[in-house]
$ cat data17.csv   # CSV, C-alpha atoms and all ligand atoms
chain,number,residue,atom,x,y,z
A,1,MET,CA,55.9,-212.6,-47.0
A,2,ASN,CA,59.2,-211.2,-46.1
A,3,ILE,CA,58.2,-208.4,-43.9
A,4,ARG,CA,58.6,-208.0,-40.1
A,5,ILE,CA,55.4,-207.7,-38.2
A,6,ASN,CA,54.6,-206.3,-34.8
A,7,GLU,CA,55.6,-209.4,-32.8
A,8,ASN,CA,53.8,-208.0,-29.7
A,9,PHE,CA,50.6,-209.2,-31.3
A,10,LYS,CA,51.7,-212.7,-30.4
A,11,ASN,CA,51.4,-211.8,-26.8
A,12,ILE,CA,47.8,-210.7,-26.9
A,13,ASN,CA,45.3,-213.0,-25.2
A,14,GLN,CA,43.6,-214.7,-28.2
A,15,SER,CA,40.5,-215.9,-26.5
A,16,TYR,CA,38.2,-213.1,-27.1
A,17,LEU,CA,35.6,-213.2,-24.4
A,18,PHE,CA,32.5,-212.2,-26.4
A,19,SER,CA,33.2,-214.4,-29.3
A,20,GLU,CA,33.5,-217.4,-26.9
A,21,ILE,CA,30.2,-216.4,-25.3
A,22,ALA,CA,28.6,-216.2,-28.7
A,23,ARG,CA,30.0,-219.6,-29.7
A,24,ARG,CA,28.5,-221.3,-26.6
A,25,VAL,CA,25.2,-219.5,-26.9
A,26,ASN,CA,24.9,-220.4,-30.6
A,27,SER,CA,25.7,-224.0,-30.0
A,28,TYR,CA,23.2,-224.2,-27.1
A,29,SER,CA,20.5,-222.5,-29.2
A,30,THR,CA,21.1,-224.9,-32.1
A,31,GLU,CA,20.7,-227.9,-29.8
A,32,ASN,CA,17.7,-226.4,-28.0
A,33,PRO,CA,15.8,-224.4,-30.7
A,34,LEU,CA,12.8,-223.8,-28.4
A,35,ALA,CA,14.8,-222.2,-25.6
A,36,LYS,CA,14.1,-218.5,-25.1
A,37,VAL,CA,17.6,-217.2,-24.2
A,38,ILE,CA,17.8,-213.9,-22.4
A,39,ARG,CA,21.0,-212.0,-22.8
A,40,LEU,CA,22.2,-210.0,-19.8
A,41,GLY,CA,25.8,-210.3,-20.9
A,42,ILE,CA,27.1,-207.8,-23.4
A,43,GLY,CA,27.3,-204.2,-22.3
A,44,ASP,CA,25.4,-202.6,-25.2
A,45,VAL,CA,22.4,-200.3,-24.7
A,46,THR,CA,19.0,-201.1,-26.0
A,47,LEU,CA,16.8,-198.0,-25.7
A,48,PRO,CA,16.7,-195.7,-28.8
A,49,LEU,CA,18.4,-192.3,-28.9
A,50,PRO,CA,16.7,-189.5,-27.1
A,51,ALA,CA,14.3,-187.3,-29.1
A,52,SER,CA,16.4,-184.2,-28.9
A,53,VAL,CA,19.4,-186.1,-30.2
A,54,ILE,CA,17.3,-187.5,-33.2
A,55,ASN,CA,16.0,-184.0,-33.9
A,56,ALA,CA,19.5,-182.5,-33.9
A,57,MET,CA,20.7,-185.2,-36.3
A,58,ARG,CA,17.8,-184.7,-38.7
A,59,ALA,CA,18.4,-180.9,-38.8
A,60,ALA,CA,22.1,-181.6,-39.4
A,61,VAL,CA,21.3,-184.0,-42.2
A,62,ASP,CA,19.2,-181.3,-43.8
A,63,GLU,CA,22.2,-178.9,-43.5
A,64,MET,CA,24.4,-181.4,-45.3
A,65,ALA,CA,21.9,-181.5,-48.2
A,66,ASP,CA,22.1,-177.8,-48.9
A,67,GLN,CA,25.3,-176.3,-50.5
A,68,ALA,CA,24.9,-173.1,-48.3
A,69,THR,CA,25.2,-175.1,-45.1
A,70,PHE,CA,27.1,-178.2,-46.2
A,71,ARG,CA,30.2,-179.1,-44.1
A,72,GLY,CA,33.3,-180.9,-45.2
A,73,TYR,CA,36.1,-181.9,-42.9
A,74,SER,CA,35.5,-181.1,-39.2
A,75,PRO,CA,38.2,-179.5,-37.1
A,76,GLU,CA,40.2,-182.6,-36.0
A,77,HIS,CA,39.6,-181.8,-32.3
A,78,GLY,CA,35.9,-181.1,-32.7
A,79,TYR,CA,33.6,-178.2,-33.5
A,80,ASP,CA,33.6,-175.4,-30.9
A,81,PHE,CA,29.9,-176.0,-30.3
A,82,VAL,CA,30.7,-179.5,-28.9
A,83,ARG,CA,33.8,-178.4,-27.0
A,84,GLU,CA,31.7,-175.7,-25.4
A,85,ALA,CA,29.0,-178.3,-24.5
A,86,VAL,CA,31.7,-180.4,-22.9
A,87,VAL,CA,32.9,-177.4,-20.9
A,88,ARG,CA,29.3,-176.9,-19.7
A,89,HIS,CA,29.1,-180.6,-18.8
A,90,TYR,CA,32.1,-180.2,-16.5
A,91,SER,CA,30.7,-177.0,-15.0
A,92,ARG,CA,27.8,-179.1,-13.7
A,93,PHE,CA,30.3,-180.7,-11.3
A,94,SER,CA,31.9,-177.3,-10.6
A,95,VAL,CA,35.0,-178.3,-12.6
A,96,SER,CA,36.6,-175.8,-14.9
A,97,VAL,CA,38.1,-177.3,-18.1
A,98,SER,CA,39.0,-175.0,-21.0
A,99,GLN,CA,37.9,-175.7,-24.6
A,100,ASP,CA,41.4,-176.3,-25.9
A,101,GLU,CA,41.9,-179.1,-23.3
A,102,ILE,CA,39.0,-181.0,-24.9
A,103,PHE,CA,39.5,-183.4,-27.8
A,104,VAL,CA,36.3,-184.7,-29.4
A,105,SER,CA,36.6,-188.3,-30.8
A,106,ASP,CA,34.6,-191.2,-32.1
A,107,GLY,CA,34.4,-192.8,-28.7
A,108,ALA,CA,36.4,-193.8,-25.6
A,109,LYS,CA,37.7,-197.0,-27.0
A,110,SER,CA,39.7,-195.3,-29.8
A,111,ASP,CA,41.2,-192.8,-27.3
A,112,ILE,CA,42.1,-195.4,-24.8
A,113,GLY,CA,43.8,-197.5,-27.5
A,114,ASN,CA,45.5,-194.5,-29.1
A,115,ILE,CA,46.8,-192.7,-26.0
A,116,VAL,CA,49.8,-195.1,-25.8
A,117,ASP,CA,51.1,-193.3,-28.9
A,118,ILE,CA,52.2,-190.3,-26.8
A,119,LEU,CA,53.6,-192.3,-23.9
A,120,GLY,CA,57.0,-193.9,-23.6
A,121,ASN,CA,58.1,-197.0,-21.8
A,122,ASN,CA,56.7,-196.5,-18.3
A,123,ARG,CA,55.6,-198.9,-15.7
A,124,ILE,CA,51.9,-199.6,-16.5
A,125,LEU,CA,49.6,-200.3,-13.6
A,126,ILE,CA,46.2,-201.8,-14.4
A,127,PRO,CA,43.6,-203.1,-11.9
A,128,ASP,CA,42.5,-206.7,-12.3
A,129,PRO,CA,39.7,-207.4,-13.3
A,130,VAL,CA,39.5,-204.7,-16.0
A,131,TYR,CA,38.0,-203.5,-19.3
A,132,PRO,CA,40.3,-205.4,-21.6
A,133,VAL,CA,41.3,-202.5,-23.9
A,134,TYR,CA,43.7,-201.0,-21.3
A,135,VAL,CA,45.6,-204.3,-21.3
A,136,ASP,CA,45.5,-205.2,-25.0
A,137,SER,CA,46.5,-201.7,-26.2
A,138,ASN,CA,49.6,-201.8,-24.0
A,139,VAL,CA,50.5,-205.3,-24.9
A,140,MET,CA,50.2,-204.4,-28.7
A,141,SER,CA,52.7,-201.7,-28.1
A,142,GLY,CA,55.2,-203.9,-26.3
A,143,ARG,CA,54.5,-202.6,-22.8
A,144,LYS,CA,54.7,-204.9,-19.7
A,145,ILE,CA,51.9,-204.6,-17.3
A,146,SER,CA,51.8,-204.7,-13.5
A,147,TYR,CA,48.4,-205.7,-12.2
A,148,ILE,CA,46.8,-204.3,-9.1
A,149,PRO,CA,44.5,-207.0,-7.7
A,150,ALA,CA,40.9,-206.1,-6.9
A,151,GLY,CA,38.8,-208.4,-4.8
A,152,GLU,CA,36.3,-208.6,-2.0
A,153,GLU,CA,38.9,-207.5,0.6
A,154,ASN,CA,39.3,-204.1,-1.1
A,155,GLY,CA,35.7,-203.9,-2.4
A,156,PHE,CA,37.0,-204.2,-5.9
A,157,LEU,CA,38.6,-200.7,-5.5
A,158,PRO,CA,42.4,-201.2,-5.3
A,159,MET,CA,44.3,-198.4,-3.6
A,160,PRO,CA,47.9,-197.1,-4.1
A,161,SER,CA,49.1,-198.7,-0.9
A,162,GLU,CA,48.5,-202.1,-2.5
A,163,ILE,CA,51.0,-201.4,-5.4
A,164,ASP,CA,54.1,-203.7,-5.3
A,165,GLY,CA,57.5,-202.2,-5.9
A,166,ASP,CA,58.7,-198.8,-7.2
A,167,ALA,CA,55.8,-196.9,-8.6
A,168,ASP,CA,57.8,-193.8,-9.6
A,169,GLY,CA,56.7,-192.4,-13.0
A,170,SER,CA,53.9,-195.0,-13.6
A,171,VAL,CA,50.9,-194.8,-15.9
A,172,VAL,CA,47.8,-195.9,-13.9
A,173,TYR,CA,44.5,-196.8,-15.6
A,174,MET,CA,41.4,-196.3,-13.5
A,175,CYS,CA,37.7,-196.7,-14.3
A,176,SER,CA,35.0,-195.4,-12.0
A,177,PRO,CA,32.1,-196.5,-12.0
A,178,ASN,CA,34.0,-199.6,-13.0
A,179,ASN,CA,33.4,-202.0,-15.8
A,180,PRO,CA,33.2,-204.9,-15.0
A,181,THR,CA,32.7,-204.6,-11.2
A,182,GLY,CA,30.4,-201.7,-11.0
A,183,ALA,CA,32.4,-200.4,-8.0
A,184,VAL,CA,32.7,-196.7,-7.6
A,185,TYR,CA,35.6,-194.7,-5.9
A,186,SER,CA,34.6,-192.2,-3.3
A,187,ALA,CA,36.1,-188.6,-3.3
A,188,GLU,CA,38.5,-189.6,-0.5
A,189,GLN,CA,39.7,-192.7,-2.3
A,190,LEU,CA,40.3,-190.7,-5.5
A,191,ALA,CA,42.1,-188.0,-3.5
A,192,GLU,CA,44.5,-190.8,-2.3
A,193,TRP,CA,45.2,-191.7,-5.9
A,194,VAL,CA,45.8,-188.1,-6.9
A,195,ALA,CA,48.2,-187.7,-4.0
A,196,PHE,CA,50.0,-190.9,-5.0
A,197,ALA,CA,50.3,-189.7,-8.7
A,198,LYS,CA,51.6,-186.3,-7.7
A,199,LYS,CA,54.1,-187.8,-5.2
A,200,THR,CA,55.4,-190.4,-7.7
A,201,GLY,CA,55.2,-188.2,-10.8
A,202,SER,CA,52.7,-190.7,-12.3
A,203,LEU,CA,50.0,-190.2,-14.8
A,204,ILE,CA,46.4,-191.4,-14.2
A,205,ILE,CA,44.3,-192.3,-17.2
A,206,PHE,CA,40.8,-192.0,-15.9
A,207,ASP,CA,37.9,-193.6,-17.7
A,208,SER,CA,34.6,-191.9,-16.8
A,209,ALA,CA,32.4,-193.6,-19.4
A,210,TYR,CA,29.8,-194.6,-16.8
A,211,GLU,CA,29.7,-191.3,-14.9
A,212,ALA,CA,26.1,-190.6,-15.7
A,213,PHE,CA,25.0,-193.7,-13.7
A,214,ILE,CA,26.2,-192.1,-10.5
A,215,GLY,CA,23.1,-191.1,-8.5
A,216,GLU,CA,22.6,-188.3,-6.1
A,217,GLU,CA,25.4,-189.2,-3.7
A,218,LYS,CA,27.6,-186.1,-3.4
A,219,ASN,CA,30.7,-188.1,-2.4
A,220,LEU,CA,31.0,-190.1,-5.6
A,221,PRO,CA,32.9,-187.9,-8.2
A,222,HIS,CA,31.6,-187.9,-11.8
A,223,THR,CA,35.0,-186.7,-13.0
A,224,ILE,CA,38.5,-187.0,-11.5
A,225,TYR,CA,38.8,-183.3,-11.8
A,226,GLU,CA,36.5,-182.9,-8.9
A,227,ILE,CA,39.6,-183.8,-6.8
A,228,PRO,CA,41.9,-180.8,-6.2
A,229,GLY,CA,45.2,-181.3,-8.0
A,230,ALA,CA,43.9,-183.9,-10.5
A,231,LYS,CA,44.6,-181.6,-13.5
A,232,GLU,CA,48.3,-181.9,-12.6
A,233,CYS,CA,48.3,-185.7,-13.0
A,234,ALA,CA,45.3,-187.0,-14.9
A,235,ILE,CA,43.9,-187.4,-18.4
A,236,GLU,CA,40.2,-188.2,-18.5
A,237,ILE,CA,38.5,-190.1,-21.2
A,238,CYS,CA,34.7,-190.0,-21.5
A,239,SER,CA,32.0,-191.2,-23.8
A,240,LEU,CA,28.4,-190.7,-24.8
A,241,SER,CA,28.0,-194.4,-25.5
A,242,LYS,CA,26.3,-195.4,-22.2
A,243,THR,CA,25.2,-191.9,-21.2
A,244,ALA,CA,23.2,-191.1,-24.3
A,245,GLY,CA,22.9,-194.5,-26.2
A,246,PHE,CA,25.7,-193.6,-28.6
A,247,THR,CA,27.3,-197.1,-28.8
A,248,GLY,CA,26.4,-197.2,-32.6
A,249,THR,CA,26.5,-193.4,-33.1
A,250,ARG,CA,30.0,-192.9,-31.8
A,251,CYS,CA,31.2,-189.8,-29.9
A,252,GLY,CA,33.3,-189.2,-26.9
A,253,TRP,CA,36.1,-186.9,-25.8
A,254,THR,CA,39.4,-186.8,-24.0
A,255,VAL,CA,40.6,-184.1,-21.6
A,256,VAL,CA,44.3,-183.4,-21.6
A,257,PRO,CA,44.9,-180.6,-19.1
A,258,ALA,CA,47.3,-177.8,-20.0
A,259,GLU,CA,49.2,-178.6,-16.8
A,260,LEU,CA,50.4,-182.0,-17.9
A,261,GLU,CA,54.0,-181.8,-19.0
A,262,ALA,CA,56.9,-184.4,-19.2
A,263,SER,CA,60.3,-184.3,-20.7
A,264,GLY,CA,59.8,-180.6,-21.8
A,265,LEU,CA,56.7,-181.4,-23.8
A,266,LYS,CA,53.0,-180.6,-23.1
A,267,LEU,CA,50.9,-183.8,-23.3
A,268,SER,CA,48.1,-181.7,-24.7
A,269,ALA,CA,50.3,-180.5,-27.6
A,270,MET,CA,51.4,-184.1,-28.2
A,271,TRP,CA,47.8,-185.4,-28.2
A,272,GLU,CA,46.8,-182.6,-30.5
A,273,ARG,CA,49.5,-183.5,-32.9
A,274,ARG,CA,48.8,-187.2,-32.7
A,275,GLN,CA,45.1,-186.7,-33.5
A,276,ALA,CA,45.8,-184.1,-36.2
A,277,THR,CA,48.1,-186.7,-37.9
A,278,LYS,CA,46.0,-189.9,-37.5
A,279,PHE,CA,42.4,-188.7,-37.1
A,280,ASN,CA,40.2,-186.5,-39.2
A,281,GLY,CA,37.4,-185.7,-36.9
A,282,VAL,CA,33.9,-186.9,-36.0
A,283,PRO,CA,31.1,-186.4,-38.6
A,284,TYR,CA,29.2,-183.1,-38.4
A,285,VAL,CA,25.8,-184.8,-38.0
A,286,ILE,CA,27.2,-186.8,-35.0
A,287,GLN,CA,28.7,-183.8,-33.4
A,288,ARG,CA,25.3,-182.0,-33.6
A,289,ALA,CA,23.8,-185.1,-31.9
A,290,ALA,CA,26.5,-184.9,-29.2
A,291,GLU,CA,25.8,-181.3,-28.6
A,292,ALA,CA,22.1,-182.1,-28.1
A,293,ALA,CA,22.9,-185.0,-25.8
A,294,LEU,CA,25.0,-182.7,-23.6
A,295,GLY,CA,22.4,-179.9,-23.5
A,296,ASP,CA,19.9,-179.5,-20.7
A,297,GLU,CA,17.0,-181.2,-22.5
A,298,GLY,CA,19.2,-183.9,-23.9
A,299,ARG,CA,20.7,-184.6,-20.5
A,300,GLN,CA,17.3,-184.9,-18.9
A,301,GLU,CA,16.2,-187.4,-21.6
A,302,CYS,CA,19.4,-189.4,-21.2
A,303,MET,CA,18.7,-189.5,-17.4
A,304,GLU,CA,15.3,-190.9,-18.1
A,305,ASN,CA,16.9,-193.8,-20.0
A,306,ILE,CA,19.5,-194.3,-17.4
A,307,ASN,CA,16.8,-194.4,-14.7
A,308,TYR,CA,15.1,-197.1,-16.7
A,309,TYR,CA,18.3,-199.2,-16.8
A,310,MET,CA,18.9,-198.5,-13.1
A,311,LYS,CA,15.5,-200.0,-12.2
A,312,ASN,CA,16.6,-203.2,-14.0
A,313,ALA,CA,19.8,-203.0,-12.0
A,314,GLU,CA,17.8,-202.7,-8.8
A,315,MET,CA,15.7,-205.8,-9.7
A,316,ILE,CA,18.9,-207.8,-10.2
A,317,SER,CA,20.6,-206.5,-7.0
A,318,SER,CA,17.5,-207.1,-4.9
A,319,LEU,CA,17.6,-210.7,-6.0
A,320,MET,CA,21.3,-211.0,-5.0
A,321,ARG,CA,20.5,-209.6,-1.6
A,322,GLU,CA,17.6,-212.0,-1.2
A,323,LYS,CA,19.8,-214.9,-2.0
A,324,GLY,CA,22.7,-213.7,0.1
A,325,ILE,CA,25.1,-213.6,-2.9
A,326,PHE,CA,28.0,-211.2,-2.6
A,327,PHE,CA,28.0,-208.5,-5.3
A,328,THR,CA,29.3,-205.1,-6.1
A,329,GLY,CA,27.7,-202.5,-8.4
A,330,GLY,CA,24.0,-202.3,-9.2
A,331,GLU,CA,24.0,-198.9,-7.6
A,332,ASN,CA,25.6,-196.0,-9.5
A,333,SER,CA,26.5,-198.5,-12.2
A,334,PRO,CA,24.7,-200.6,-14.8
A,335,TYR,CA,26.7,-203.6,-13.9
A,336,ILE,CA,26.1,-206.2,-11.2
A,337,TRP,CA,29.3,-208.2,-10.4
A,338,LEU,CA,28.5,-211.2,-8.3
A,339,LYS,CA,30.3,-214.1,-6.7
A,340,CYS,CA,29.4,-217.4,-8.4
A,341,PRO,CA,27.5,-219.5,-5.9
A,342,ASN,CA,28.8,-222.8,-4.5
A,343,GLY,CA,32.4,-222.1,-5.4
A,344,MET,CA,31.7,-222.5,-9.2
A,345,ASP,CA,34.3,-221.0,-11.5
A,346,SER,CA,33.1,-218.3,-13.9
A,347,TRP,CA,32.7,-220.4,-17.1
A,348,LYS,CA,31.0,-223.3,-15.1
A,349,PHE,CA,28.5,-220.7,-13.8
A,350,PHE,CA,28.0,-219.4,-17.3
A,351,ASP,CA,27.1,-222.9,-18.6
A,352,TYR,CA,24.9,-223.5,-15.6
A,353,LEU,CA,22.9,-220.3,-16.1
A,354,LEU,CA,22.6,-220.9,-19.8
A,355,GLY,CA,21.6,-224.5,-19.5
A,356,GLU,CA,19.3,-224.3,-16.5
A,357,ALA,CA,17.8,-220.8,-16.8
A,358,ASN,CA,18.6,-219.8,-20.4
A,359,VAL,CA,20.2,-216.6,-19.1
A,360,VAL,CA,23.4,-215.3,-20.6
A,361,GLY,CA,25.9,-213.3,-18.5
A,362,THR,CA,29.6,-212.6,-18.7
A,363,PRO,CA,32.2,-214.8,-17.0
A,364,GLY,CA,34.4,-212.7,-14.7
A,365,ALA,CA,37.5,-214.7,-15.7
A,366,GLY,CA,37.3,-212.9,-19.1
A,367,PHE,CA,38.3,-209.6,-17.4
A,368,GLY,CA,41.4,-210.9,-15.7
A,369,LYS,CA,42.8,-213.5,-13.3
A,370,CYS,CA,41.1,-211.9,-10.3
A,371,GLY,CA,37.8,-212.1,-12.1
A,372,GLU,CA,37.8,-215.9,-11.8
A,373,GLY,CA,34.8,-217.0,-9.6
A,374,TYR,CA,32.8,-213.9,-10.4
A,375,PHE,CA,30.2,-213.1,-13.0
A,376,ARG,CA,28.8,-209.9,-14.6
A,377,LEU,CA,25.2,-209.2,-15.3
A,378,THR,CA,24.1,-206.0,-17.0
A,379,SER,CA,21.0,-203.9,-16.7
A,380,PHE,CA,20.9,-202.8,-20.4
A,381,GLY,CA,18.1,-205.3,-21.3
A,382,ASP,CA,14.5,-204.4,-21.7
A,383,ARG,CA,12.3,-204.4,-18.5
A,384,GLU,CA,10.3,-207.5,-19.5
A,385,SER,CA,13.2,-209.7,-20.3
A,386,THR,CA,15.1,-208.5,-17.2
A,387,ALA,CA,12.1,-209.3,-15.0
A,388,GLU,CA,11.8,-212.7,-16.6
A,389,ALA,CA,15.5,-213.4,-16.2
A,390,VAL,CA,15.3,-212.4,-12.5
A,391,GLU,CA,12.3,-214.8,-12.0
A,392,ARG,CA,14.2,-217.6,-13.6
A,393,LEU,CA,17.3,-216.9,-11.4
A,394,ARG,CA,15.1,-216.7,-8.3
A,395,LYS,CA,13.9,-220.3,-8.9
A,396,LEU,CA,17.4,-221.5,-9.8
A,397,LEU,CA,19.8,-220.0,-7.3
B,1,LIG,N1,35.4,-197.6,-21.3
B,1,LIG,C1,34.8,-198.6,-20.7
B,1,LIG,C2,35.1,-198.8,-19.3
B,1,LIG,C3,33.8,-199.3,-21.4
B,1,LIG,O1,33.1,-200.3,-20.7
B,1,LIG,C4,33.5,-199.0,-22.7
B,1,LIG,C5,32.5,-199.8,-23.5
B,1,LIG,O2,32.0,-200.7,-23.1
B,1,LIG,C6,34.3,-198.0,-23.3
B,1,LIG,C7,35.2,-197.3,-22.6
B,1,LIG,C8,34.1,-197.8,-24.8
B,1,LIG,O3,33.3,-196.7,-25.0
B,1,LIG,P1,33.0,-196.2,-26.5
B,1,LIG,O4,31.8,-196.9,-27.0
B,1,LIG,O5,32.9,-194.8,-26.4
B,1,LIG,O6,34.2,-196.6,-27.4
$ encode --input "data17.csv" --output "structure tokens"
Amino acid sequence: MNIRINENFKNINQSYLFSEIARRVNSYSTENPLAKVIRLGIGDVTLPLPASVINAMRAAVDEMADQATFRGYSPEHGYDFVREAVVRHYSRFSVSVSQDEIFVSDGAKSDIGNIVDILGNNRILIPDPVYPVYVDSNVMSGRKISYIPAGEENGFLPMPSEIDGDADGSVVYMCSPNNPTGAVYSAEQLAEWVAFAKKTGSLIIFDSAYEAFIGEEKNLPHTIYEIPGAKECAIEICSLSKTAGFTGTRCGWTVVPAELEASGLKLSAMWERRQATKFNGVPYVIQRAAEAALGDEGRQECMENINYYMKNAEMISSLMREKGIFFTGGENSPYIWLKCPNGMDSWKFFDYLLGEANVVGTPGAGFGKCGEGYFRLTSFGDRESTAEAVERLRKLL
């Protein structure tokens, strides 16, 4: 063809982590058809949707079947009943967000990928290791990335003092509780980030997709807006995928505070325009499901599922403690990020676990250079398989 393409796609890392894992697992299973492989790798949930969510969906389906209650296009930014439910969600953390700062979407990945549309050519700061979408969406749009290394020395929680060079007017991606490391920023640490952003005129893009896994600890914020001043420097992206088992149901939201303004334009007005132009809203049935998940009964049912996963996480982290293996996460996070024993690199450890224990995890190297030598296990499996995997690892490690 004679067209020009987006040449930036040539700069994207082509080795997609999860397809390489699938390839290795398939080839192992073909050669060893009797092996019972347990997957503690991919971060997908396994428990069904809570009862109140299912009931809300059923009722909404019935409404769609009746001309009197049928709904067509949704408002692009979400029905008021969901935006109100999100406002109430924030009020649980004593955070005040107004309805028109909330933009309902089909999940956090879309919003993380699309937010680059409203941003110009800024310095992009991304922790390493990291959820790959922050990196790839910036590379696709031709942005250069500066990485902030995370490691054992900073507890996988990089701080602003570790940024090299001039950070004025940067865009910083943060995720807490973190995927893949499970590390969680304290209120004091987030306050340092907010102070940094305000001092340098930078924007924080805060991914709170795992907020619901934070336990009772008062000092671990569920939202960056628990930090005074954050509404002047941060966009927050959240999702019901892990909170309410919506990975296949698809609903999330982005908060763009009215205070955010650059170059004479309000970021909320730009995002509103971007979404109205390129997105036509979340299905009505799904928005009713989201409303139910965010309600008191829904939240309680979601927490029961999260507690189930967190018991799996506790089984895995106890084993790591027993074996003296360094790890982060496992508390306030569904992920356990461990150091590969005996200096093995991430993929060597992957093959070792697969071959010797028939357990599949995720090689840390797939999340960035600083992930080399580390490995991610997840607590999203069922209890029986997780317990069996832990027993196999107890014998092997
Ligand atoms: N953000 C992080 C850190 C994630 O780990 C994930 C999914 O694994 C997402 C966002 C995507 O969430 P969603 O399913 O809402 O697109």
$ residues_near_point --input "data17.csv" --point "(19.5, -219.3, -26.1)" --cutoff "9 Å" --atoms "all atoms listed in the file" --output "list in words"
Val25, Asn26, Ser27, Tyr28, Ser29, Thr30, Asn32, Pro33, Leu34, Ala35, Lys36, Val37, Ile38, Arg39, Leu354, Gly355, Asn358, Val359 and Val360 of chain A
$ residues_near_ligand --input "data17.csv" --ligand "ligand LIG 1 (chain B)" --cutoff "9 Å" --atoms "only C-alpha atoms and all ligand atoms" --output "number ranges by chain"
A: 42-44, 105-112, 130-134, 174-180, 207-210, 237-242, 246-253
$ atom_distance --input "data17.csv" --atom1 "atom CA of A:Ser74" --atom2 "atom CA of A:Gly281"
5.5 Å
$ atom_distance --input "data17.csv" --atom1 "atom CA of A:Val104" --atom2 "atom CA of A:Val82"
7.7 Å
$ closest_residue --input "data17.csv" --among "A:Ser98, A:Thr328, A:Ser263, A:Ser333" --to "A:Lys231" --atoms "only C-alpha atoms"
A:Ser98
$ atom_distance --input "data17.csv" --atom1 "atom CA of A:Asn138" --atom2 "atom CA of A:Thr378"
26.8 Å
$ decode --input "data17.csv" --residues "stretch 377-388 of chain A" --atoms "N, CA, C and O atoms" --output "mmCIF file, in the first residue's frame"
data_model
loop_
_atom_site.group_PDB
_atom_site.id
_atom_site.type_symbol
_atom_site.label_atom_id
_atom_site.label_comp_id
_atom_site.auth_asym_id
_atom_site.auth_seq_id
_atom_site.Cartn_x
_atom_site.Cartn_y
_atom_site.Cartn_z
ATOM 1 N N LEU A 377 3.393 -13.927 41.410
ATOM 2 C CA LEU A 377 2.346 -14.936 41.601
ATOM 3 C C LEU A 377 1.070 -14.205 41.970
ATOM 4 O O LEU A 377 1.125 -13.148 42.610
ATOM 5 N N THR A 378 -0.074 -14.747 41.567
ATOM 6 C CA THR A 378 -1.317 -14.049 41.888
ATOM 7 C C THR A 378 -2.207 -14.917 42.775
ATOM 8 O O THR A 378 -2.081 -16.148 42.803
ATOM 9 N N SER A 379 -3.096 -14.237 43.475
ATOM 10 C CA SER A 379 -3.976 -14.937 44.417
ATOM 11 C C SER A 379 -5.373 -15.129 43.832
ATOM 12 O O SER A 379 -6.314 -15.418 44.564
ATOM 13 N N PHE A 380 -5.516 -14.955 42.514
ATOM 14 C CA PHE A 380 -6.849 -15.016 41.907
ATOM 15 C C PHE A 380 -7.324 -16.442 41.579
ATOM 16 O O PHE A 380 -8.369 -16.610 40.972
ATOM 17 N N GLY A 381 -6.520 -17.454 41.945
ATOM 18 C CA GLY A 381 -6.938 -18.830 41.664
ATOM 19 C C GLY A 381 -7.973 -19.298 42.674
ATOM 20 O O GLY A 381 -8.315 -18.576 43.615
ATOM 21 N N ASP A 382 -8.463 -20.555 42.478
ATOM 22 C CA ASP A 382 -9.377 -21.057 43.512
ATOM 23 C C ASP A 382 -8.542 -21.625 44.663
ATOM 24 O O ASP A 382 -7.346 -21.872 44.533
ATOM 25 N N ARG A 383 -9.201 -21.796 45.815
ATOM 26 C CA ARG A 383 -8.483 -22.166 47.044
ATOM 27 C C ARG A 383 -7.722 -23.476 46.884
ATOM 28 O O ARG A 383 -6.559 -23.609 47.242
ATOM 29 N N GLU A 384 -8.420 -24.470 46.316
ATOM 30 C CA GLU A 384 -7.832 -25.805 46.223
ATOM 31 C C GLU A 384 -6.566 -25.792 45.366
ATOM 32 O O GLU A 384 -5.534 -26.329 45.775
ATOM 33 N N SER A 385 -6.643 -25.151 44.196
ATOM 34 C CA SER A 385 -5.461 -25.130 43.315
ATOM 35 C C SER A 385 -4.340 -24.324 43.945
ATOM 36 O O SER A 385 -3.166 -24.681 43.822
ATOM 37 N N THR A 386 -4.713 -23.208 44.608
ATOM 38 C CA THR A 386 -3.664 -22.387 45.223
ATOM 39 C C THR A 386 -2.971 -23.190 46.317
ATOM 40 O O THR A 386 -1.739 -23.213 46.410
ATOM 41 N N ALA A 387 -3.783 -23.911 47.130
ATOM 42 C CA ALA A 387 -3.196 -24.711 48.217
ATOM 43 C C ALA A 387 -2.285 -25.787 47.633
ATOM 44 O O ALA A 387 -1.188 -26.036 48.146
ATOM 45 N N GLU A 388 -2.726 -26.399 46.537
ATOM 46 C CA GLU A 388 -1.897 -27.446 45.941
ATOM 47 C C GLU A 388 -0.605 -26.850 45.380
ATOM 48 O O GLU A 388 0.480 -27.416 45.551
#
